[in-house]
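Colleague: Can you keep this structure in mind? I'll have questions shortly.
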Amino acid sequence: MNKSELINVVVEKTDMTKKDVTLALETTLEVITETLASGDSVKLVGFGNFETRKRSARKGRNPQSGAEIEIPESKNAAWKPAKAVKDAVNK
């Protein structure tokens with residue numbers, strides 16, 4: 001399911017207009033992104049937690065030349081699903 005399909009499903013399940021659903025979804029994603037960028041986490045009870053995780057610097061290989069390269073440390077966004085989501089997926 002992509003973003004537009006998600007918006008269409010929410011429109012069908014609610015009395016909201018497509019414009020309102022689109023605005024709500026885009027605003028929600030923007031707020032989550034801004035919160036993660038600031039280093040905080042977002043906890044949605046019953047759905048899961050969004051957080052940033054630090055990846056340490058490490059050595060890698062250039063796939064074209066085979067030369068060893070240094071990969072710098074970075075931060076990545078991560079999502080940890082709630083138990084209810086895990087149970088629904090594994091049902």
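Residue numbering restarts at 1 in every chain; chains get A, B, ... in the order shown in the structure tokens, and ligands count up from 1 in that same order.
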Could you pull the residues within 7 Å of segment 5-10 of chain A, counting only C-alpha atoms, minus those fewer than 5 positions along the same chain, as a PyMOL selection string?

Modeller: chain A and resi 18+21-22

Colleague: Determine the nearest neighbour of Gly48 of chain A from the options A:Ala78, A:Leu23, A:Met1, A:Val11, counting only C-alpha atoms.

Modeller: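 For Gly48 of chain A, the nearest of the candidates is A:Ala78.
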
Colleague: Please report, as a tab-separated table, each residue of segment 29-53 of chain A lying at most 12 Å from segment 72-76 of chain A, together with the nearest pair of atoms and the separation in Å rounded to one decimal; use only C-alpha atoms, and order rows by chain and ascending residue number.

Modeller:
```
residue	atom	partner	partner_atom	distance
A:Thr33	CA	A:Asn76	CA	11.4
A:Leu36	CA	A:Asn76	CA	9.2
A:Ala37	CA	A:Lys75	CA	9.3
A:Ser38	CA	A:Lys75	CA	11.4
A:Gly39	CA	A:Lys75	CA	9.4
A:Phe50	CA	A:Asn76	CA	10.5
A:Glu51	CA	A:Asn76	CA	8.4
A:Thr52	CA	A:Asn76	CA	5.4
A:Arg53	CA	A:Asn76	CA	5.3
```

Colleague: Let me see the file: selected residues, C-alpha atoms, as a compact mmCIF listing (two decimals), in the first residue's frame.

Modeller:
```
# COMPACT_ATOMS: atom_id res chain seq x y z
CA THR A 33 10.21 13.49 11.00
CA LEU A 36 13.19 12.30 15.12
CA ALA A 37 15.52 14.89 13.59
CA SER A 38 15.64 16.70 16.93
CA GLY A 39 16.72 13.46 18.65
CA PHE A 50 9.68 5.72 16.36
CA GLU A 51 13.23 6.49 17.47
CA THR A 52 16.68 7.30 16.17
CA ARG A 53 19.49 4.80 16.48
```

Colleague: Using only C-alpha atoms, pick whichever of A:Arg58, A:Lys80, A:Lys19, A:Lys3 has the shortest atom-to-atom distance to Ser41 of chain A.

Modeller: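 Smallest separation from Ser41 of chain A among the options: A:Lys80.
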